[in-house]
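S.K.: So that we are looking at the same thing, I have put the structure below in C-alpha cells.
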Amino acid sequence: MTNRRRILVIGGLAAGPSAAAKAARTNLNAEVMLFEQSETISYGICETPYAIAGMMDENRLVFHTPESLRQQKNIQVKTLHLVERIVPAKQTIVVRDLRSHSLVEYEYEKLIVATGSASNKLAVPGENGRNVFTLGSRDDAINIINYVKTETPKQAVIIGGGYIGMEMSESLRALGMDVTLIHILRLPMEGLELDTRERVLIELEKNGVQFVTNAQTEAFQQDNTGKVRHVITNRGTFAADIVILSLGVSPNVRLACDAKIRLGVTGAIVTDERQQTNVDGIYAAGDCCEVRNIVTGKPMYLPLATVASRTAWIAGENAAGGRAVFKGAIRAVAVKVFGLDIAQVGISSEEAKANGFQVVTSSITANSKVGVMPGSEKITIDLIIDKRSKCVLGANVYGGHGAVLRANTLGVAIQQKLTIGDIARFDLIYSPPFAPLWDPILVAANEAKKKI
Ligand SMILES: Cc1cc2nc3c(=O)[nH]c(=O)nc-3n(C[C@H](O)[C@H](O)[C@H](O)COP(=O)(O)OP(=O)(O)OC[C@H]3O[C@@H](n4cnc5c(N)ncnc54)[C@H](O)[C@@H]3O)c2cc1C
C-alpha cells in the first residue's frame with residue numbers, strides 16, 4: 001500500500017463526489033479514488049423531469065467530469081468500474097473494469113460506501129417492455145428523452161403517485177401527452193396531510209391528468225415488438241405508448257450486506273454520528289444509509305440529495321482523519337404540481353400519533369403578500385403540534401408562490417425544537433411585494449396557540 005492515506009469511494013452520483021471532495025480537502029496528503037459503474041459522475045438527477053420536459057439541455061446536468069474532479073479536487077475517478085466486492089479482512093475492494101472486463105483489487109485505509117438507491121419495480125408480467133422506464137439514473141433520463149424524440153408517444157401511463165410521479169405528470173403534460181396516473185391509494189402523495197393530498201388531486205385533475213385511485217397494476221400487455229400497449233389493473237385497462245414507473249426507491253446495499261455491514265430496521269446501512277459503519281474503516285453516506293429522525297429520535301430512510309450531501313461531507317471528513325458529526329435530519333421536501341407549490345417539513349400527524357405524541361393539528365389559509373398586491377396568492381399551513389411540549393412536529397405548506405420558503409422557516413423551528421409560542425414571536429418581514437403585515441407563519445402560530 002502507498003504511504004499516503006488511501007481513501008476509496010464507491011458511487012459517483014451525489015454522495016460519492018461530495019465525500020471524495022471533502023476527504024481530499026480535509027487531508028491534502030490523502031490519495032482519494034472514486035469508482036462509478038456508469039459513464040457519468042456528479043449528475044443532476046433531480047433536474048431530469050425538467051430536462052425531459054425540454055426546459056433545459058440534459059447535457060447541462062453533468063456538473064463534473066472525471067477530469068474536472070481530478071484537476072480541481074485532486075480525486076482520481078474511475079468510471080465504468082463496478083465494485084463487485086468489499087473484503088474487510090484484507091481492506092480491499094474487488095473492482096471490474098467494465099471496458100476491459102478485467103478484475104482488479106484495490107487496497108484501502110478508509111472506504112466510503114455511497115452506493116445510493118435503486119428504483120422500485122412491480123415484478124408483474126410484461127414490465128420489461130422497451131417503453132417502460134424508471135427515472136433514477138442518467139441512463140434512465142437519456143432513455144426517456146430519446147424514446148420521446150424518436151417515437152413521439154401520445155399516451156403516457158405513470159404508475160405511482162409520489163414526488164416523481166407528480167413531476168413526471170407535469171413534464172409529460174408539457175410535452176402534450178395524455179397522462180393517466182395509476183395509484184394504489186385513494187389519494188396521491190402518501191405521508192402528507194389529508195387536505196394537502198386532496199388539494200394535489202384537484203390540481204392534477206384540473207391540469208388534465210386522469211388519476212386512477214386504488215388501482216393495483218397486474219400486468220403489461222406487449223405487442224410483438226416488445227412495446228407495452230396496455231396497462232392492466234384491477235380498475236381497468238389503460239392504453240399506453242410510454243410507461244413511467246415511479247414507485248419509490250430502495251437502498252442499494254448488496255455490497256454492504258455481503259461485507260457484513262450492519263443494516264437497520266429500514267433496510268438501509270446503519271452508521272454512527274460520524275457516518276462510520278460497524279465495520280472498521282468503512283464509512284457510508286447518502287441514499288444507501290438510514291438517518292436519525294430528529295423529531296422522533298428513531299431511524300428513518302430519507303433518500304434526498306440534501307441528506308446525501310450532508311452525510312457525505314461528514315463521511316469524507318472523518319475518513320480523512322477529521323471528527324465531524326451528523327446529528328440527524330428532518331424531512332424537508334417540496335414538489336411543484338403544475339400551479340401548486342407543496343412542501344412538507346417534519347413528521348405527519350399520523351407519524352406523530354404512532355410515536356406517542358399528543359397531537360393537535362391546526363390549519364389556516366392566508367395571503368402570501370398584502371392582498372391588494374398583484375400576485376398575492378393563498379397559502380395554507382397545516383401545523384402538527386405536540387400538546388405536552390407545545391413543540392411543532394411537522395407542517396404542510398401549500399398554495400401559491402412563497403409556500404416553500406415559508407416551509408423552510410418552519411423546518412428550522414422543528415429542527416430546533418421550538419414551541420408554537422416561540423414561532424408566534426418570530427420577527428418576520430412585512431413588505432407589500434413579499435409578505436403581509438402578519439405573515440402566514442404568524443397567523444398559523446397564533447391560531448394554533450388558541451387551540452392548545
Ligand atoms: C427524478 C428525481 C428527482 C429528485 N428530486 C430531488 C429533490 O428535488 N430534492 C432532493 O433532495 N432529492 C431529490 N431526489 C433524490 C436524490 O437525487 C438522491 O437522494 C441522491 O441522488 C442520492 O445520492 P447518492 O449518491 O446517495 O445515491 P445515488 O444517486 O443512487 O448514486 C449512487 C451511485 O452509486 C453508483 N453505484 C452503485 N453501486 C455501485 C457499485 N457497486 N460500483 C460502482 N458504482 C456503484 C450508482 O451507479 C450511482 O451512480 C430526486 C431523485 C430523483 C430520481
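The way I read the labels, and the way they are meant: chains A, B, ... in the order of the C-alpha cells, residue 1 as the first residue of every chain, and ligand 1 as the first ligand shown, with later ones counted on from there.
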When the cut-off is 6 Å and you count only C-alpha atoms and all ligand atoms, which residues lie near ligand 1, shown as a ChimeraX atom specification?

M.R.: /A:10-16,35-38,45-46,48-49,81-84,114-117,135-136,164,286-287,303-306,308

S.K.: Can you write out the residues you just picked, keeping C-alpha atoms, as an mmCIF file, in the first residue's frame?

M.R.:
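Okay, part.cif is ready:
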data_model
loop_
_atom_site.group_PDB
_atom_site.id
_atom_site.type_symbol
_atom_site.label_atom_id
_atom_site.label_comp_id
_atom_site.auth_asym_id
_atom_site.auth_seq_id
_atom_site.Cartn_x
_atom_site.Cartn_y
_atom_site.Cartn_z
ATOM 1 C CA ILE A 10 -17.862 3.669 -4.126
ATOM 2 C CA GLY A 11 -20.539 5.582 -6.052
ATOM 3 C CA GLY A 12 -20.264 8.747 -8.111
ATOM 4 C CA LEU A 13 -23.617 10.455 -8.375
ATOM 5 C CA ALA A 14 -24.320 12.782 -5.422
ATOM 6 C CA ALA A 15 -22.895 11.497 -2.129
ATOM 7 C CA GLY A 16 -19.759 9.891 -3.600
ATOM 8 C CA PHE A 35 -15.379 4.243 -8.516
ATOM 9 C CA GLU A 36 -18.592 4.597 -10.518
ATOM 10 C CA GLN A 37 -20.200 1.827 -12.531
ATOM 11 C CA SER A 38 -21.817 4.128 -15.113
ATOM 12 C CA ILE A 45 -30.792 13.663 -11.360
ATOM 13 C CA CYS A 46 -33.258 15.946 -9.503
ATOM 14 C CA THR A 48 -34.192 15.394 -15.017
ATOM 15 C CA PRO A 49 -38.021 15.725 -15.002
ATOM 16 C CA HIS A 81 -15.820 0.466 -12.859
ATOM 17 C CA LEU A 82 -18.200 -1.763 -10.949
ATOM 18 C CA VAL A 83 -17.212 -2.614 -7.394
ATOM 19 C CA GLU A 84 -18.120 -6.271 -7.023
ATOM 20 C CA ALA A 114 -22.089 5.729 -1.376
ATOM 21 C CA THR A 115 -23.924 3.186 -3.490
ATOM 22 C CA GLY A 116 -27.242 5.062 -3.319
ATOM 23 C CA SER A 117 -30.603 3.586 -4.114
ATOM 24 C CA LEU A 135 -36.137 7.522 -13.513
ATOM 25 C CA GLY A 136 -33.216 7.020 -11.170
ATOM 26 C CA ILE A 164 -41.506 11.719 -9.055
ATOM 27 C CA GLY A 286 -26.310 9.089 1.054
ATOM 28 C CA ASP A 287 -29.288 7.052 -0.085
ATOM 29 C CA PRO A 303 -33.422 9.378 0.267
ATOM 30 C CA LEU A 304 -32.819 13.040 -0.502
ATOM 31 C CA ALA A 305 -29.941 14.879 -2.166
ATOM 32 C CA THR A 306 -29.776 17.270 0.792
ATOM 33 C CA ALA A 308 -26.836 12.705 0.837
#

S.K.: From a DSSP calculation on the backbone, collect every residue of region 11-111 of chain A in alpha helix (DSSP H) and output the set as a PDB file with N, CA, C and O atoms, in the first residue's frame.

M.R.:
ATOM      1  N   ALA A  15     -23.656  11.628  -3.373  1.00  0.00           N
ATOM      2  CA  ALA A  15     -22.895  11.497  -2.129  1.00  0.00           C
ATOM      3  C   ALA A  15     -21.413  11.198  -2.396  1.00  0.00           C
ATOM      4  O   ALA A  15     -20.533  11.767  -1.734  1.00  0.00           O
ATOM      5  N   GLY A  16     -21.142  10.322  -3.342  1.00  0.00           N
ATOM      6  CA  GLY A  16     -19.759   9.891  -3.600  1.00  0.00           C
ATOM      7  C   GLY A  16     -18.823  11.066  -3.901  1.00  0.00           C
ATOM      8  O   GLY A  16     -17.823  11.269  -3.193  1.00  0.00           O
ATOM      9  N   PRO A  17     -19.124  11.876  -4.936  1.00  0.00           N
ATOM     10  CA  PRO A  17     -18.227  13.002  -5.246  1.00  0.00           C
ATOM     11  C   PRO A  17     -18.110  13.994  -4.090  1.00  0.00           C
ATOM     12  O   PRO A  17     -17.025  14.527  -3.843  1.00  0.00           O
ATOM     13  N   SER A  18     -19.205  14.238  -3.352  1.00  0.00           N
ATOM     14  CA  SER A  18     -19.132  15.165  -2.211  1.00  0.00           C
ATOM     15  C   SER A  18     -18.200  14.622  -1.143  1.00  0.00           C
ATOM     16  O   SER A  18     -17.387  15.360  -0.575  1.00  0.00           O
ATOM     17  N   ALA A  19     -18.341  13.332  -0.850  1.00  0.00           N
ATOM     18  CA  ALA A  19     -17.498  12.712   0.179  1.00  0.00           C
ATOM     19  C   ALA A  19     -16.040  12.741  -0.257  1.00  0.00           C
ATOM     20  O   ALA A  19     -15.141  13.063   0.538  1.00  0.00           O
ATOM     21  N   ALA A  20     -15.797  12.417  -1.508  1.00  0.00           N
ATOM     22  CA  ALA A  20     -14.423  12.382  -2.017  1.00  0.00           C
ATOM     23  C   ALA A  20     -13.800  13.776  -1.956  1.00  0.00           C
ATOM     24  O   ALA A  20     -12.651  13.945  -1.526  1.00  0.00           O
ATOM     25  N   ALA A  21     -14.569  14.779  -2.349  1.00  0.00           N
ATOM     26  CA  ALA A  21     -14.039  16.150  -2.374  1.00  0.00           C
ATOM     27  C   ALA A  21     -13.727  16.612  -0.950  1.00  0.00           C
ATOM     28  O   ALA A  21     -12.703  17.242  -0.703  1.00  0.00           O
ATOM     29  N   LYS A  22     -14.625  16.275  -0.020  1.00  0.00           N
ATOM     30  CA  LYS A  22     -14.408  16.689   1.359  1.00  0.00           C
ATOM     31  C   LYS A  22     -13.167  15.988   1.931  1.00  0.00           C
ATOM     32  O   LYS A  22     -12.365  16.606   2.645  1.00  0.00           O
ATOM     33  N   ALA A  23     -13.014  14.714   1.607  1.00  0.00           N
ATOM     34  CA  ALA A  23     -11.847  13.965   2.098  1.00  0.00           C
ATOM     35  C   ALA A  23     -10.563  14.579   1.557  1.00  0.00           C
ATOM     36  O   ALA A  23      -9.598  14.798   2.300  1.00  0.00           O
ATOM     37  N   ALA A  24     -10.577  14.915   0.274  1.00  0.00           N
ATOM     38  CA  ALA A  24      -9.361  15.472  -0.344  1.00  0.00           C
ATOM     39  C   ALA A  24      -9.040  16.849   0.238  1.00  0.00           C
ATOM     40  O   ALA A  24      -7.867  17.206   0.393  1.00  0.00           O
ATOM     41  N   ARG A  25     -10.079  17.608   0.558  1.00  0.00           N
ATOM     42  CA  ARG A  25      -9.856  18.938   1.156  1.00  0.00           C
ATOM     43  C   ARG A  25      -9.349  18.830   2.591  1.00  0.00           C
ATOM     44  O   ARG A  25      -8.559  19.625   3.048  1.00  0.00           O
ATOM     45  N   THR A  26      -9.877  17.827   3.296  1.00  0.00           N
ATOM     46  CA  THR A  26      -9.533  17.685   4.718  1.00  0.00           C
ATOM     47  C   THR A  26      -8.093  17.212   4.886  1.00  0.00           C
ATOM     48  O   THR A  26      -7.392  17.656   5.777  1.00  0.00           O
ATOM     49  N   THR A  48     -33.860  16.126 -13.782  1.00  0.00           N
ATOM     50  CA  THR A  48     -34.192  15.394 -15.017  1.00  0.00           C
ATOM     51  C   THR A  48     -35.661  15.512 -15.447  1.00  0.00           C
ATOM     52  O   THR A  48     -35.922  15.567 -16.643  1.00  0.00           O
ATOM     53  N   PRO A  49     -36.644  15.571 -14.504  1.00  0.00           N
ATOM     54  CA  PRO A  49     -38.021  15.725 -15.002  1.00  0.00           C
ATOM     55  C   PRO A  49     -38.179  16.986 -15.862  1.00  0.00           C
ATOM     56  O   PRO A  49     -38.959  17.001 -16.829  1.00  0.00           O
ATOM     57  N   TYR A  50     -37.390  18.027 -15.538  1.00  0.00           N
ATOM     58  CA  TYR A  50     -37.492  19.287 -16.273  1.00  0.00           C
ATOM     59  C   TYR A  50     -36.723  19.206 -17.594  1.00  0.00           C
ATOM     60  O   TYR A  50     -37.116  19.821 -18.581  1.00  0.00           O
ATOM     61  N   ALA A  51     -35.636  18.439 -17.596  1.00  0.00           N
ATOM     62  CA  ALA A  51     -34.901  18.224 -18.844  1.00  0.00           C
ATOM     63  C   ALA A  51     -35.756  17.387 -19.804  1.00  0.00           C
ATOM     64  O   ALA A  51     -35.791  17.645 -21.015  1.00  0.00           O
ATOM     65  N   ILE A  52     -36.466  16.414 -19.250  1.00  0.00           N
ATOM     66  CA  ILE A  52     -37.351  15.588 -20.094  1.00  0.00           C
ATOM     67  C   ILE A  52     -38.438  16.459 -20.709  1.00  0.00           C
ATOM     68  O   ILE A  52     -38.815  16.299 -21.869  1.00  0.00           O
ATOM     69  N   PRO A  66     -14.762  13.295 -14.823  1.00  0.00           N
ATOM     70  CA  PRO A  66     -13.619  12.723 -14.104  1.00  0.00           C
ATOM     71  C   PRO A  66     -12.408  13.648 -14.164  1.00  0.00           C
ATOM     72  O   PRO A  66     -11.691  13.829 -13.190  1.00  0.00           O
ATOM     73  N   GLU A  67     -12.217  14.283 -15.314  1.00  0.00           N
ATOM     74  CA  GLU A  67     -11.080  15.181 -15.490  1.00  0.00           C
ATOM     75  C   GLU A  67     -11.182  16.411 -14.583  1.00  0.00           C
ATOM     76  O   GLU A  67     -10.207  16.809 -13.933  1.00  0.00           O
ATOM     77  N   SER A  68     -12.397  17.005 -14.502  1.00  0.00           N
ATOM     78  CA  SER A  68     -12.522  18.216 -13.666  1.00  0.00           C
ATOM     79  C   SER A  68     -12.376  17.860 -12.186  1.00  0.00           C
ATOM     80  O   SER A  68     -11.827  18.630 -11.416  1.00  0.00           O
ATOM     81  N   LEU A  69     -12.835  16.684 -11.786  1.00  0.00           N
ATOM     82  CA  LEU A  69     -12.649  16.278 -10.381  1.00  0.00           C
ATOM     83  C   LEU A  69     -11.169  16.068 -10.079  1.00  0.00           C
ATOM     84  O   LEU A  69     -10.694  16.393  -9.002  1.00  0.00           O
ATOM     85  N   ARG A  70     -10.455  15.542 -11.061  1.00  0.00           N
ATOM     86  CA  ARG A  70      -9.019  15.309 -10.851  1.00  0.00           C
ATOM     87  C   ARG A  70      -8.278  16.646 -10.734  1.00  0.00           C
ATOM     88  O   ARG A  70      -7.526  16.880  -9.791  1.00  0.00           O
ATOM     89  N   GLN A  71      -8.590  17.520 -11.686  1.00  0.00           N
ATOM     90  CA  GLN A  71      -7.861  18.798 -11.720  1.00  0.00           C
ATOM     91  C   GLN A  71      -8.226  19.721 -10.564  1.00  0.00           C
ATOM     92  O   GLN A  71      -7.369  20.303  -9.921  1.00  0.00           O
ATOM     93  N   GLN A  72      -9.555  19.833 -10.309  1.00  0.00           N
ATOM     94  CA  GLN A  72      -9.987  20.834  -9.318  1.00  0.00           C
ATOM     95  C   GLN A  72      -9.989  20.302  -7.896  1.00  0.00           C
ATOM     96  O   GLN A  72      -9.859  21.043  -6.942  1.00  0.00           O
ATOM     97  N   LYS A  73     -10.195  18.983  -7.741  1.00  0.00           N
ATOM     98  CA  LYS A  73     -10.388  18.454  -6.380  1.00  0.00           C
ATOM     99  C   LYS A  73      -9.365  17.391  -5.998  1.00  0.00           C
ATOM    100  O   LYS A  73      -9.452  16.810  -4.915  1.00  0.00           O
TER     101      LYS A  73
END

S.K.: Using only C-alpha atoms, determine which residues lie at most 9 Å from Glu447 (chain A), disregarding the query and same-chain residues fewer than 3 positions distant; provide the list as a list of chain:residue names.

M.R.: A:Ser362, A:Ser363, A:Ile364, A:Leu442, A:Val443, A:Ala444, A:Lys450, A:Lys451

S.K.: Using only C-alpha atoms, which protein or nucleic acid residues come within 9 Å of Lys390 (chain A)? Drop anything in the same chain fewer than 2 positions from it, and give the result as a list in words.

M.R.: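 In the requested format, the answer is Ile385, Asp386, Lys387, Arg388, Val392, Leu418, Thr419, Ile420, Gly421, Lys449 and Ile452 of chain A.
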
S.K.: Write out as CSV the residues of region 165-223 of chain A that have any atom within 9 Å of an atom of region 335-354 of chain A, one row each with the nearest atom pair and its distance in Å to one decimal, counting only C-alpha atoms, sorted by chain and then rising number.

M.R.:
residue,atom,partner,partner_atom,distance
A:Met166,CA,A:Val337,CA,6.0
A:Glu167,CA,A:Val337,CA,6.6
A:Ser169,CA,A:Val337,CA,8.3
A:Glu170,CA,A:Phe338,CA,6.1
A:Gly191,CA,A:Ser348,CA,6.3
A:Leu192,CA,A:Ser348,CA,6.3
A:Glu193,CA,A:Ser348,CA,6.6
A:Thr196,CA,A:Ile342,CA,8.0
A:Arg199,CA,A:Leu340,CA,8.7
A:Val200,CA,A:Val337,CA,7.2
A:Glu203,CA,A:Leu340,CA,7.0
A:Leu204,CA,A:Val337,CA,7.2
A:Asn207,CA,A:Phe338,CA,7.3

S.K.: Considering only C-alpha atoms, can you say which of A:Ser42, A:Val113, A:Val77, A:Asn131 comes closest to Ala312 (chain A)?

M.R.: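 Closest to Ala312 (chain A) of all the choices is A:Val113.
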
S.K.: When you look at region 142-144 of chain A with a cut-off of 12 Å (counting only C-alpha atoms), what residues show up, excluding the ones that are within fewer than 5 positions of it in the same chain? I need them as a PyMOL selection string.

M.R.: chain A and resi 40+45+48-49+51-54+57-59+61+130-137+149-153+156+168+171-172+241-245

S.K.: Please measure the separation of CA of Arg235 (chain A) and CA of Glu127 (chain A), giving the value in Å to one decimal.

M.R.: 18.1 Å

S.K.: So that I can see what lies close to region 105-111 of chain A, please list as a list in words the residues with an atom at most 6 Å from it, counting only C-alpha atoms and leaving out residues fewer than 5 positions away in the same chain.

M.R.: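 Here the answer would be Arg6, Ile7, Leu8, Val9, Gln91, Thr92, Ile93, Val94, Gly281, Ile282 and Ala319 of chain A.
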
S.K.: Pick from A:His230, A:Val360, A:Thr217, A:Ala285: nearest to Ile384 (chain A), with only C-alpha atoms counted?

M.R.: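 Among A:His230, A:Val360, A:Thr217, A:Ala285, it is A:Val360 that comes nearest to Ile384 (chain A).
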
S.K.: Might you pull out every residue within 8 Å of Ala239 (chain A), with only C-alpha atoms counted and same-chain residues fewer than 3 positions away left off, and present them as a list in words?

M.R.: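 So, after excluding close chain neighbours, the residues are Gln155, Val157, Arg229, His230 and Val231 of chain A.
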
S.K.: Output N, CA, C and O atoms for every residue in the selection just made, as a PDB file, in the first residue's frame.

M.R.:
ATOM      1  N   GLN A 155     -49.797   8.778 -25.491  1.00  0.00           N
ATOM      2  CA  GLN A 155     -50.492   8.409 -24.248  1.00  0.00           C
ATOM      3  C   GLN A 155     -49.490   7.870 -23.236  1.00  0.00           C
ATOM      4  O   GLN A 155     -48.811   6.878 -23.490  1.00  0.00           O
ATOM      5  N   VAL A 157     -48.714   6.451 -19.341  1.00  0.00           N
ATOM      6  CA  VAL A 157     -49.240   5.936 -18.075  1.00  0.00           C
ATOM      7  C   VAL A 157     -48.105   6.018 -17.059  1.00  0.00           C
ATOM      8  O   VAL A 157     -47.007   5.511 -17.292  1.00  0.00           O
ATOM      9  N   ARG A 229     -48.483  -1.933 -24.786  1.00  0.00           N
ATOM     10  CA  ARG A 229     -49.605  -1.209 -25.399  1.00  0.00           C
ATOM     11  C   ARG A 229     -50.712  -0.925 -24.404  1.00  0.00           C
ATOM     12  O   ARG A 229     -51.467   0.025 -24.557  1.00  0.00           O
ATOM     13  N   HIS A 230     -50.824  -1.818 -23.406  1.00  0.00           N
ATOM     14  CA  HIS A 230     -51.871  -1.629 -22.394  1.00  0.00           C
ATOM     15  C   HIS A 230     -51.340  -1.965 -21.012  1.00  0.00           C
ATOM     16  O   HIS A 230     -50.557  -2.895 -20.840  1.00  0.00           O
ATOM     17  N   VAL A 231     -51.812  -1.198 -20.037  1.00  0.00           N
ATOM     18  CA  VAL A 231     -51.504  -1.491 -18.634  1.00  0.00           C
ATOM     19  C   VAL A 231     -52.781  -2.057 -18.021  1.00  0.00           C
ATOM     20  O   VAL A 231     -53.839  -1.423 -18.074  1.00  0.00           O
TER      21      VAL A 231
END

S.K.: Pick out the closest residue to Glu39 (chain A) from this set: A:Arg4, A:Arg60, A:Lys227, A:Arg99. Count only C-alpha atoms.

M.R.: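 When distances to Glu39 (chain A) are compared using only C-alpha atoms, the smallest one comes from A:Arg99.
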
S.K.: Name the residues of region 167-197 of chain A that fall into strand (DSSP E) according to DSSP on the backbone, using the chain letters and numbers of this document, as a ChimeraX atom specification.

M.R.: /A:178-182

S.K.: Nearest to Cys288 (chain A) among A:Arg254, A:Lys260, A:Lys327, A:His64, with distances taken over only C-alpha atoms: which residue is it?

M.R.: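 Of A:Arg254, A:Lys260, A:Lys327, A:His64, the one nearest Cys288 (chain A), counting only C-alpha atoms, is A:Arg254.
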
S.K.: Give me, please, the distance in Å between CA of Ala259 (chain A) and CA of Pro88 (chain A), quoted to one decimal.

M.R.: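 Computed distance, CA of Ala259 (chain A) to CA of Pro88 (chain A), equals 6.7 Å.
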